[in-house]
Structure formats: structure tokens, C-alpha cells
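> One file is attached below, protein_34.cif, containing mmCIF, C-alpha atoms and all ligand atoms.
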```
data_input
#
loop_
_atom_site.label_atom_id
_atom_site.label_comp_id
_atom_site.auth_asym_id
_atom_site.auth_seq_id
_atom_site.Cartn_x
_atom_site.Cartn_y
_atom_site.Cartn_z
CA MET I 45 125.87 99.00 103.44
CA SER I 46 123.18 100.59 105.61
CA VAL I 47 121.49 103.99 105.21
CA THR I 48 118.74 105.67 107.26
CA ALA I 49 116.47 108.41 105.89
CA VAL I 50 113.66 110.47 107.42
CA ALA I 51 110.72 111.99 105.53
CA HIS I 52 107.53 113.81 106.50
CA PRO I 53 104.01 113.47 105.12
CA ASN I 54 102.52 116.15 102.91
CA ILE I 55 98.95 117.36 102.50
CA ALA I 56 97.85 118.45 99.04
CA LEU I 57 96.18 121.86 98.63
CA ILE I 58 95.55 121.02 94.97
CA LYS I 59 95.03 117.26 94.92
CA TYR I 60 96.39 114.42 92.88
CA TRP I 61 93.49 112.11 92.00
CA GLY I 62 93.84 109.76 89.05
CA LYS I 63 96.71 108.37 87.05
CA ALA I 64 97.57 108.76 83.39
CA ASP I 65 99.89 105.73 83.57
CA GLU I 66 99.70 103.14 86.33
CA ARG I 67 103.02 101.40 85.71
CA LEU I 68 105.05 104.62 85.71
CA SER I 69 102.82 106.25 88.32
CA LEU I 70 102.21 109.30 86.17
CA PRO I 71 99.41 111.58 87.41
CA ALA I 72 96.56 112.78 85.21
CA THR I 73 97.17 116.33 86.51
CA GLY I 74 99.73 118.30 88.48
CA SER I 75 99.24 118.87 92.23
CA LEU I 76 100.56 121.12 94.98
CA SER I 77 101.16 120.35 98.65
CA LEU I 78 102.50 121.45 102.01
CA THR I 79 105.08 119.18 103.65
CA LEU I 80 104.32 118.80 107.37
CA ASP I 81 106.66 118.95 110.35
CA ILE I 82 104.90 116.13 112.23
CA ALA I 83 104.61 112.34 111.86
CA PRO I 84 108.00 111.57 110.27
CA THR I 85 108.76 108.14 108.87
CA ARG I 86 112.24 106.79 109.56
CA THR I 87 113.51 104.05 107.27
CA THR I 88 116.75 102.06 107.31
CA VAL I 89 117.82 100.04 104.27
CA THR I 90 120.61 97.49 104.70
CA LEU I 91 121.93 95.46 101.79
CA ASP I 92 122.19 91.75 102.57
CA PRO I 93 124.34 89.83 100.06
CA SER I 94 123.30 86.49 101.59
CA ALA I 95 119.53 87.03 101.24
CA ASP I 96 117.51 85.69 98.30
CA GLN I 97 114.58 88.05 98.77
CA HIS I 98 113.87 91.49 100.18
CA VAL I 99 112.46 91.63 103.71
CA ALA I 100 110.74 94.55 105.35
CA SER I 101 109.29 95.38 108.75
CA TRP I 102 107.04 98.11 110.07
CA SER I 103 107.80 99.11 113.69
CA GLY I 104 109.26 95.64 114.23
CA GLU I 105 106.31 93.78 112.65
CA PRO I 106 107.23 91.86 109.47
CA MET I 107 105.50 93.19 106.35
CA THR I 108 103.55 90.62 104.34
CA GLY I 109 101.17 90.34 101.40
CA SER I 110 100.53 93.26 99.10
CA GLU I 111 102.42 95.68 101.37
CA LEU I 112 105.60 93.63 101.08
CA GLU I 113 105.05 93.14 97.34
CA ARG I 114 104.84 96.88 96.81
CA VAL I 115 108.04 97.55 98.79
CA SER I 116 109.85 94.64 97.06
CA ALA I 117 108.87 95.86 93.60
CA PHE I 118 110.20 99.29 94.49
CA LEU I 119 113.49 97.82 95.79
CA ASP I 120 113.79 95.77 92.57
CA LEU I 121 113.51 98.99 90.59
CA VAL I 122 116.29 100.65 92.61
CA ALA I 123 118.53 97.55 92.47
CA GLU I 124 118.03 97.24 88.72
CA ARG I 125 119.08 100.86 88.19
CA ALA I 126 122.17 100.22 90.26
CA GLY I 127 122.91 97.04 88.28
CA SER I 128 122.76 95.03 91.49
CA ARG I 129 121.14 91.70 92.35
CA THR I 130 121.67 92.12 96.07
CA ARG I 131 118.56 92.05 98.28
CA ALA I 132 117.73 94.53 101.00
CA VAL I 133 116.40 94.56 104.55
CA VAL I 134 114.05 97.47 105.24
CA GLU I 135 113.16 98.60 108.75
CA THR I 136 110.66 101.41 108.94
CA ALA I 137 108.91 103.19 111.79
CA ASN I 138 106.36 105.95 111.95
CA GLU I 139 105.62 108.14 114.96
CA ILE I 140 101.91 108.33 114.33
CA PRO I 141 99.14 105.71 114.56
CA THR I 142 98.11 104.49 111.12
CA GLY I 143 94.49 105.49 111.70
CA ALA I 144 95.33 109.19 111.73
CA GLY I 145 95.57 109.02 107.95
CA LEU I 146 98.98 110.63 108.18
CA ALA I 147 101.07 107.46 108.31
CA SER I 148 101.09 108.07 104.65
CA SER I 149 102.67 106.26 101.78
CA ALA I 150 104.08 109.69 100.84
CA ALA I 151 106.50 109.88 103.78
CA GLY I 152 107.10 106.12 103.58
CA PHE I 153 108.17 105.98 99.94
CA ALA I 154 110.09 109.27 100.10
CA ALA I 155 112.16 107.87 102.98
CA LEU I 156 112.50 104.48 101.25
CA ALA I 157 113.58 106.08 97.96
CA ALA I 158 116.26 108.16 99.70
CA ALA I 159 117.59 105.32 101.89
CA ALA I 160 117.46 102.62 99.19
CA SER I 161 119.02 104.73 96.43
CA ALA I 162 121.88 105.70 98.76
CA ALA I 163 122.34 102.11 100.01
CA TYR I 164 122.56 100.84 96.42
CA GLY I 165 125.08 103.58 95.62
CA LEU I 166 122.93 105.68 93.28
CA ALA I 167 123.76 109.38 93.58
CA LEU I 168 120.46 110.95 92.52
CA SER I 169 119.69 114.65 92.14
CA PRO I 170 116.69 115.83 94.21
CA ARG I 171 114.66 115.87 91.00
CA ASP I 172 115.57 112.27 90.12
CA LEU I 173 114.92 111.22 93.71
CA SER I 174 111.45 112.75 93.37
CA ARG I 175 110.89 110.83 90.11
CA LEU I 176 111.99 107.62 91.82
CA ALA I 177 109.80 108.19 94.92
CA ARG I 178 106.85 108.73 92.55
CA ARG I 179 107.15 105.09 91.45
CA GLY I 180 106.48 103.93 95.03
CA SER I 181 103.53 106.26 95.61
CA GLY I 182 102.57 109.32 93.59
CA SER I 183 102.35 111.72 96.52
CA ALA I 184 105.82 110.58 97.72
CA ALA I 185 107.31 112.61 94.85
CA ARG I 186 106.28 115.72 96.83
CA SER I 187 107.62 114.63 100.26
CA VAL I 188 111.16 114.74 98.83
CA PHE I 189 110.94 118.51 99.33
CA GLY I 190 109.96 120.74 102.24
CA GLY I 191 107.41 123.53 102.45
CA LEU I 192 105.13 124.16 99.49
CA VAL I 193 105.80 121.79 96.62
CA GLN I 194 104.40 121.36 93.11
CA TRP I 195 104.42 117.99 91.36
CA HIS I 196 104.16 118.23 87.59
CA ALA I 197 102.19 115.98 85.31
CA GLY I 198 104.26 114.74 82.39
CA ASP I 199 106.11 111.72 81.05
CA ASP I 200 108.60 109.71 83.12
CA GLU I 201 111.26 112.41 82.66
CA GLY I 202 108.96 115.36 83.17
CA SER I 203 106.86 114.21 86.12
CA PHE I 204 108.79 115.35 89.20
CA ALA I 205 108.12 117.64 92.14
CA GLU I 206 109.94 120.83 93.04
CA PRO I 207 109.76 123.32 95.89
CA ILE I 208 107.93 126.62 95.48
CA ASP I 209 109.23 129.89 96.86
CA ALA I 210 106.64 131.30 99.23
CA PRO I 211 108.08 134.37 100.91
CA GLY I 212 105.82 135.78 103.59
CA LEU I 213 103.29 132.94 103.53
CA ASP I 214 103.41 131.08 106.83
CA LEU I 215 100.97 128.16 106.88
CA ALA I 216 99.81 125.77 109.57
CA LEU I 217 97.48 122.81 109.53
CA VAL I 218 95.21 121.45 112.26
CA VAL I 219 94.28 117.81 111.64
CA ALA I 220 91.06 116.62 113.25
CA VAL I 221 91.32 112.84 113.60
CA LEU I 222 87.63 112.08 113.41
CA ALA I 223 87.52 108.38 112.79
CA PRO I 224 90.70 106.45 113.32
CA GLY I 225 90.64 103.04 111.73
CA ARG I 226 91.13 101.39 108.40
CA LYS I 227 89.58 103.09 105.42
CA ALA I 228 86.84 101.40 103.43
CA ILE I 229 88.69 101.50 100.11
CA GLY I 230 92.33 102.29 99.43
CA SER I 231 93.09 105.44 97.46
CA ARG I 232 94.78 103.44 94.70
CA GLU I 233 91.65 101.41 93.95
CA ALA I 234 89.39 104.42 94.47
CA MET I 235 91.39 106.45 91.94
CA ARG I 236 91.20 103.64 89.43
CA ARG I 237 87.42 103.42 89.82
CA THR I 238 87.05 107.20 89.49
CA VAL I 239 89.11 107.31 86.29
CA ALA I 240 87.21 104.37 84.80
CA THR I 241 83.64 105.27 85.76
CA SER I 242 83.11 108.86 86.93
CA PRO I 243 81.59 111.12 84.26
CA PHE I 244 83.07 114.04 86.22
CA PHE I 245 86.68 112.88 85.87
CA GLY I 246 87.19 114.67 82.55
CA ALA I 247 86.00 117.94 84.09
CA TRP I 248 88.42 117.42 86.99
CA VAL I 249 91.35 116.94 84.63
CA ALA I 250 90.29 120.00 82.64
CA SER I 251 89.94 122.27 85.70
CA VAL I 252 93.06 121.44 87.73
CA PRO I 253 95.64 123.27 85.55
CA GLY I 254 93.78 126.57 85.98
CA GLU I 255 93.49 125.94 89.72
CA LEU I 256 97.24 125.31 89.89
CA ASP I 257 97.94 128.60 88.10
CA ALA I 258 95.61 130.49 90.44
CA MET I 259 97.23 128.80 93.44
CA ARG I 260 100.73 129.69 92.27
CA ALA I 261 99.66 133.32 91.84
CA ALA I 262 98.02 133.38 95.30
CA ILE I 263 101.18 131.90 96.87
CA ALA I 264 103.39 134.45 95.08
CA ARG I 265 101.41 137.33 96.61
CA ALA I 266 101.18 135.56 100.00
CA ASP I 267 97.40 135.75 99.84
CA LEU I 268 96.16 133.32 102.51
CA THR I 269 92.51 133.97 101.69
CA ALA I 270 92.94 132.97 98.06
CA VAL I 271 95.19 130.02 98.97
CA GLY I 272 92.57 128.83 101.46
CA GLU I 273 89.59 129.28 99.16
CA LEU I 274 91.35 127.47 96.32
CA THR I 275 92.36 124.67 98.70
CA GLU I 276 88.85 124.09 100.02
CA ALA I 277 87.24 124.32 96.58
CA ASN I 278 89.72 121.84 95.11
CA ALA I 279 89.07 119.30 97.88
CA MET I 280 85.32 119.58 97.30
CA ARG I 281 85.83 119.00 93.59
CA MET I 282 88.02 115.95 94.18
CA HIS I 283 85.36 114.39 96.39
CA ALA I 284 82.61 115.36 93.92
CA THR I 285 84.60 113.55 91.23
CA MET I 286 84.79 110.35 93.25
CA LEU I 287 81.13 110.56 94.35
CA GLY I 288 80.38 110.30 90.64
CA ALA I 289 82.16 106.94 90.38
CA VAL I 290 80.23 103.66 90.03
CA PRO I 291 79.83 102.48 92.73
CA PRO I 292 80.40 105.87 94.43
CA VAL I 293 83.50 106.40 96.54
CA ARG I 294 82.54 108.22 99.73
CA TYR I 295 85.15 108.85 102.42
CA TRP I 296 83.11 111.35 104.42
CA ASN I 297 81.04 110.54 107.49
CA ALA I 298 78.69 112.71 109.55
CA ASP I 299 81.58 114.13 111.59
CA THR I 300 83.35 115.16 108.37
CA VAL I 301 80.38 117.35 107.43
CA ALA I 302 80.09 118.70 110.99
CA ALA I 303 83.79 119.66 110.90
CA LEU I 304 83.23 121.55 107.63
CA ASP I 305 80.55 123.53 109.49
CA VAL I 306 83.04 124.31 112.28
CA VAL I 307 85.51 125.64 109.71
CA ALA I 308 82.83 127.80 108.07
CA GLN I 309 81.86 129.14 111.53
CA CYS I 310 85.55 129.98 112.19
CA ARG I 311 85.48 132.22 109.12
CA ARG I 312 82.24 133.90 110.17
CA ASP I 313 83.94 134.62 113.52
CA GLY I 314 86.90 136.22 111.76
CA VAL I 315 89.32 133.28 112.11
CA GLU I 316 90.71 132.52 108.65
CA ALA I 317 90.47 128.75 108.26
CA TYR I 318 89.91 126.47 105.27
CA ALA I 319 89.27 122.74 105.08
CA THR I 320 90.76 119.98 103.00
CA ILE I 321 89.95 116.27 103.04
CA ASP I 322 91.90 113.33 101.61
CA ALA I 323 91.06 109.67 101.14
CA GLY I 324 89.46 109.34 104.58
CA PRO I 325 86.99 111.10 106.88
CA ASN I 326 89.52 113.36 108.67
CA VAL I 327 89.38 117.10 108.11
CA LYS I 328 92.58 119.13 107.85
CA VAL I 329 92.27 122.85 108.53
CA LEU I 330 94.63 125.26 106.84
CA CYS I 331 95.25 128.51 108.71
CA ARG I 332 97.97 130.88 109.94
CA PRO I 333 100.19 129.55 112.75
CA GLU I 334 98.66 132.21 115.11
CA ALA I 335 95.18 130.81 114.45
CA THR I 336 95.80 127.15 115.36
CA THR I 337 94.66 127.59 119.00
CA ALA I 338 91.38 129.25 117.98
CA VAL I 339 90.74 126.53 115.38
CA ALA I 340 91.63 123.74 117.82
CA ASP I 341 89.37 125.21 120.54
CA ARG I 342 86.40 125.28 118.19
CA LEU I 343 87.00 121.70 117.01
CA ARG I 344 87.27 120.53 120.63
CA ALA I 345 84.03 122.30 121.48
CA ALA I 346 82.29 120.48 118.60
CA PHE I 347 83.81 117.03 119.12
CA ALA I 348 84.44 115.81 122.64
CA ASP I 349 87.80 114.01 122.98
CA VAL I 350 88.77 114.57 119.34
CA ASP I 351 92.45 113.93 118.61
CA LEU I 352 94.03 117.04 117.11
CA LEU I 353 97.44 117.29 115.48
CA VAL I 354 98.96 120.67 114.77
CA SER I 355 101.63 121.05 112.14
CA GLY I 356 103.67 123.79 110.56
CA SER I 357 105.65 123.61 107.36
CA GLY I 358 108.20 120.80 107.46
CA PRO I 359 111.46 119.78 105.76
CA GLY I 360 112.19 117.54 102.81
CA VAL I 361 113.63 114.04 103.01
CA ARG I 362 117.14 113.64 104.37
CA ILE I 363 119.72 111.00 105.14
CA VAL I 364 120.28 110.91 108.90
CA GLY I 365 122.88 108.20 109.28
CA PRO I 366 123.95 104.69 108.60
C1 LIG O 401 93.87 111.97 98.25
O1 LIG O 401 99.86 109.09 96.47
O2 LIG O 401 98.62 107.60 98.08
O3 LIG O 401 96.03 112.03 99.27
O4 LIG O 401 100.06 107.01 93.77
O5 LIG O 401 98.36 105.27 94.21
O6 LIG O 401 100.21 105.62 95.85
P1 LIG O 401 99.30 106.24 94.82
O7 LIG O 401 98.34 107.27 95.58
P2 LIG O 401 98.65 108.30 96.76
O8 LIG O 401 97.35 109.24 96.62
C2 LIG O 401 97.18 110.43 97.32
C3 LIG O 401 95.80 110.90 97.13
C4 LIG O 401 95.38 112.07 98.01
C5 LIG O 401 95.64 113.41 97.31
C6 LIG O 401 97.06 113.91 97.28
O9 LIG O 401 97.85 113.61 98.19
O10 LIG O 401 97.38 114.65 96.34
#
```
Could the structure of this file be written out as C-alpha cells, please?


Amino acid sequence: MSVTAVAHPNIALIKYWGKADERLSLPATGSLSLTLDIAPTRTTVTLDPSADQHVASWSGEPMTGSELERVSAFLDLVAERAGSRTRAVVETANEIPTGAGLASSAAGFAALAAAASAAYGLALSPRDLSRLARRGSGSAARSVFGGLVQWHAGDDEGSFAEPIDAPGLDLALVVAVLAPGRKAIGSREAMRRTVATSPFFGAWVASVPGELDAMRAAIARADLTAVGELTEANAMRMHATMLGAVPPVRYWNADTVAALDVVAQCRRDGVEAYATIDAGPNVKVLCRPEATTAVADRLRAAFADVDLLVSGSGPGVRIVGP
């Protein structure tokens, strides 16, 4: 039995940062994201009755170490639910270089959850698929769906993502790839350190629900200005929270700050643009689709030879074949 699934990355407008339960991958707060239409991950899962362990490869390169352990643990979870002891072969490929910070675990585990659950014969509802993807990587719960998506905090049953109706709100994202390369500290470890040591973490957990409500209201009235302002403010708060950790977690570099200045200058020039930053130095600029050229031109003027990726709203995970 062989199944192939494709999923896209998502970028959070209200971030997920910190877990309430590590084993079940339950977030400390809800979050809200935009699924992209670029950088898909394509994953094929084939059951192999003769194998005695799972094997996995990434663009033809065998996975090893902690990467393979994480994928194997996830496959064990799926196999156990299906009442199967059969092992799987996973082949996965991503169209974007890892350094762009978009070869995310979100697209990877959403595609793996869809392909593996189908290969093992589990017929999951989209909601249960989102709950399963969450176990691989929290943000993967959101890549199960397209467009704007909210992932709820809750217990194992209640923590799933679902799509949000956003009539009349057309969003685009310009990603400035400022420093390709491996990040200093993985988001998993950085989250753990923030939860354990940052005195600001409690304030973060207390403020996110109100930000989610405000974001939902802004989306419902298709108010790009409010969506953008809430997005940028939330990203600043997430990074403030981790800067308070011991030792501090700092993903920004000088170019990150310079890109924030470019985005602020866009606004002064009448181009509506708002920045968000994840667990890396790259800056993602939220704007209307008509504004992507103006935003890209200004980023190019500020950073010679910068790699820019432009994305619109993308689809949820889907099975594309055997
Ligand atoms: C900064 O979903 O990669 O991108 O659950 O440990 O796999 P794990 O973390 P992950 O964290 C994403 C963090 C973020 C914010 C977000 O996407 O909401």
C-alpha cells in the first residue's frame, strides 16, 4: 500500500510559542495562520511488510538521528492506531532550500499525517487528521487546512485546527530570505527554554486569547490594517517573550531589524505592509496581493541580491496519488 500527499507551509499571524503538554503536543495558547501556496512538501508512504524498522529519506538522502527518530515515533503512533505492526518507507521532497525557513515541519508533518494515515487504512476526518498532524509538529495541525486557519488550545480531543471564513480578505506574503543557513537553536528547544525561564511567558499566555479574538473580528470585517497591526504586534511580543529566556533566545540579526525599517517605510509611503518573524532571522511581509511588487522593490533596494519569495493563500493537505 502506497499513498502520496502534498501539503504547504503556513505562517502564523498569531503565533504558537510554548507547549502545555510536550507528549501530546498541546499548545499553551491558540494560534492563527495563513497557509501558503509556495514550497509544498510531497511525501509518499509505502507499507513494507518485510521491514523491521521504518525508513525515511529526504530528497533521496536517508534520514538519520533525531530526524529519523521523530518520523519513526510518528509512524509508530499511526500504526498503533491502525492496530498494525507493519513498518513504513517514507520518501519526502520539498521544493524549497531548507535555509529559507519555509521547509517547515508544518508542511512535512501535515503531508506525512495524511499519507501515513491513508496508507495504514485510517479514514480520519479533517479534524482528526489535524489532531494527528499536531503530534508530529504543532504547527502542522494548521497546514491540514488552506487559507486562514485557527488552531485551538485544549486537551487531546479539543486541540485541533479549523479553517476560518474570510470573505473579501485577500492576503499575500513576501518572504525576505535574509540569512539562509541552519538556525542557532531549534524552535522546540527554544520554546522549552522560554516556558521554563522567561518571566514574560505568563504575560504571553494571558494576552494571546484577546489577540485571537481581535484578529477574528478584524478578519470578519476584512480589515487588512487591523489584521496587519495585530500580526506585527504579536510577532514582536513572541520575540520579546523569548528574549526574556535564560539564556536569551535571539533569532534576529542586523538585517532583520533593517527589514523591519523597510516595512515601516512602506507604510509611511502608503503601501500597507506588516512584518512577522518566526524562529529565524527572515522577515515575512503581509500585504495585499496588489502590493507585493512595491514591497519586493523596496526590499531589493535595501538588500542587494536578497532572495524573495512571494506567496498567496494556499490549499490544505491532499492525497495526490499512490
Ligand atoms: C515560531 O510547530 O515547529 O513558527 O510543535 O515543537 O514542532 P513543534 O514546533 P513548531 O513551532 C512553530 C513556531 C513558530 C510559530 C508558529 O508557527 O505558530

> Excluding Ala266 of chain I and its own-chain neighbours fewer than 4 positions away, which residues fall within 8 Å of it when counting all atoms listed in the file? Please give them as a list in words.

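Counting all atoms listed in the file, the residues come to Ala210, Pro211, Gly212, Leu213 and Ala262 of chain I.
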
> Throw together the list of residues within 7 Å of ligand LIG 401 (chain O), counting only C-alpha atoms and all ligand atoms, and drop it here as a list in words.

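My answer, listing the contacting residues, is Ile55, Ala56, Ile58, Lys59, Tyr60, Trp61, Ser69, Ser75, Ser149, Ala150, Gly180, Ser181, Gly182, Ser183, Ala184, Ser231, Arg232, Asp322 and Ala323 of chain I.
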
> Around the point (84.8, 111.2, 87.2), in the coordinates given by the file, pick out the residues reaching within 6 Å, counting only C-alpha atoms, and return them as an mmCIF file with C-alpha atoms, keeping the file's coordinate frame.


```
data_model
loop_
_atom_site.group_PDB
_atom_site.id
_atom_site.type_symbol
_atom_site.label_atom_id
_atom_site.label_comp_id
_atom_site.auth_asym_id
_atom_site.auth_seq_id
_atom_site.Cartn_x
_atom_site.Cartn_y
_atom_site.Cartn_z
ATOM 1 C CA THR I 238 87.050 107.200 89.490
ATOM 2 C CA VAL I 239 89.110 107.310 86.290
ATOM 3 C CA SER I 242 83.110 108.860 86.930
ATOM 4 C CA PRO I 243 81.590 111.120 84.260
ATOM 5 C CA PHE I 244 83.070 114.040 86.220
ATOM 6 C CA PHE I 245 86.680 112.880 85.870
ATOM 7 C CA THR I 285 84.600 113.550 91.230
ATOM 8 C CA GLY I 288 80.380 110.300 90.640
ATOM 9 C CA ALA I 289 82.160 106.940 90.380
#
```

> I need the residue nearest Ser203 of chain I from this list: I:Asp96, I:Glu233, I:Asp172, I:Asp313. Use only C-alpha atoms for the distance.

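Closest candidate: I:Asp172.
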
> Of the residues I:Gly360, I:Gly74, I:Pro333, I:Pro325, which is the one nearest to Gly198 of chain I, using all atoms listed in the file?

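Ranking I:Gly360, I:Gly74, I:Pro333, I:Pro325 by distance to Gly198 of chain I, first place goes to I:Gly74.
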
> Quick one: what's the axis-aligned box for segment 347-358 of chain I, all listed atoms, 5 Å on every side, centre and edges in Å to one decimal, as AutoDock Vina command-line options?


```
--center_x 96.0 --center_y 118.9 --center_z 115.2 --size_x 34.4 --size_y 19.9 --size_z 25.6
```

> Quick one: residues within 7 Å of Val219 of chain I, all atoms listed in the file, excluding same-chain residues fewer than 5 positions away - as a list in words?

Val327, Lys328, Val329, Leu352, Leu353 and Val354 of chain I

> Closest to Ala64 of chain I among I:Ala137, I:Ala345, I:Ala117, I:Val249, using all atoms listed in the file?

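Of I:Ala137, I:Ala345, I:Ala117, I:Val249, the one nearest Ala64 of chain I, counting all atoms listed in the file, is I:Val249.
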
> Val122 of chain I: which residues within 12 Å, counting all atoms listed in the file, same-chain residues fewer than 6 positions away excluded, as a ChimeraX atom specification?

/I:89,91,115-116,128-132,156-168,172-173,175-177,179-180

> At what distance in Å, to one decimal, does atom CA of Phe153 of chain I lie from atom CA of Gly246 of chain I?

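Distance reported for this atom pair: 28.6 Å.
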
> I:Leu217, I:Val193, I:Leu274, I:Ala95: which is nearest Leu330 of chain I, counting all atoms listed in the file?

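Ranked by minimum distance to Leu330 of chain I, first place goes to I:Leu217.
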
> Out of I:Leu76, I:Val307, I:Glu66, I:Ala346, which residue has the shortest atom-to-atom distance to Asp257 of chain I when counting all atoms listed in the file?

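For Asp257 of chain I, the nearest of the given residues is I:Leu76.
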
> Quote the spacing between atom CA of Arg362 of chain I and atom CA of Leu80 of chain I in Å to one decimal place.

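One can read the atom CA of Arg362 of chain I to atom CA of Leu80 of chain I distance as 14.1 Å.
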
> Determine the nearest neighbour of Phe189 of chain I from the options I:Glu105, I:Glu124, I:Asp81, I:Glu273, counting only C-alpha atoms.

I:Asp81
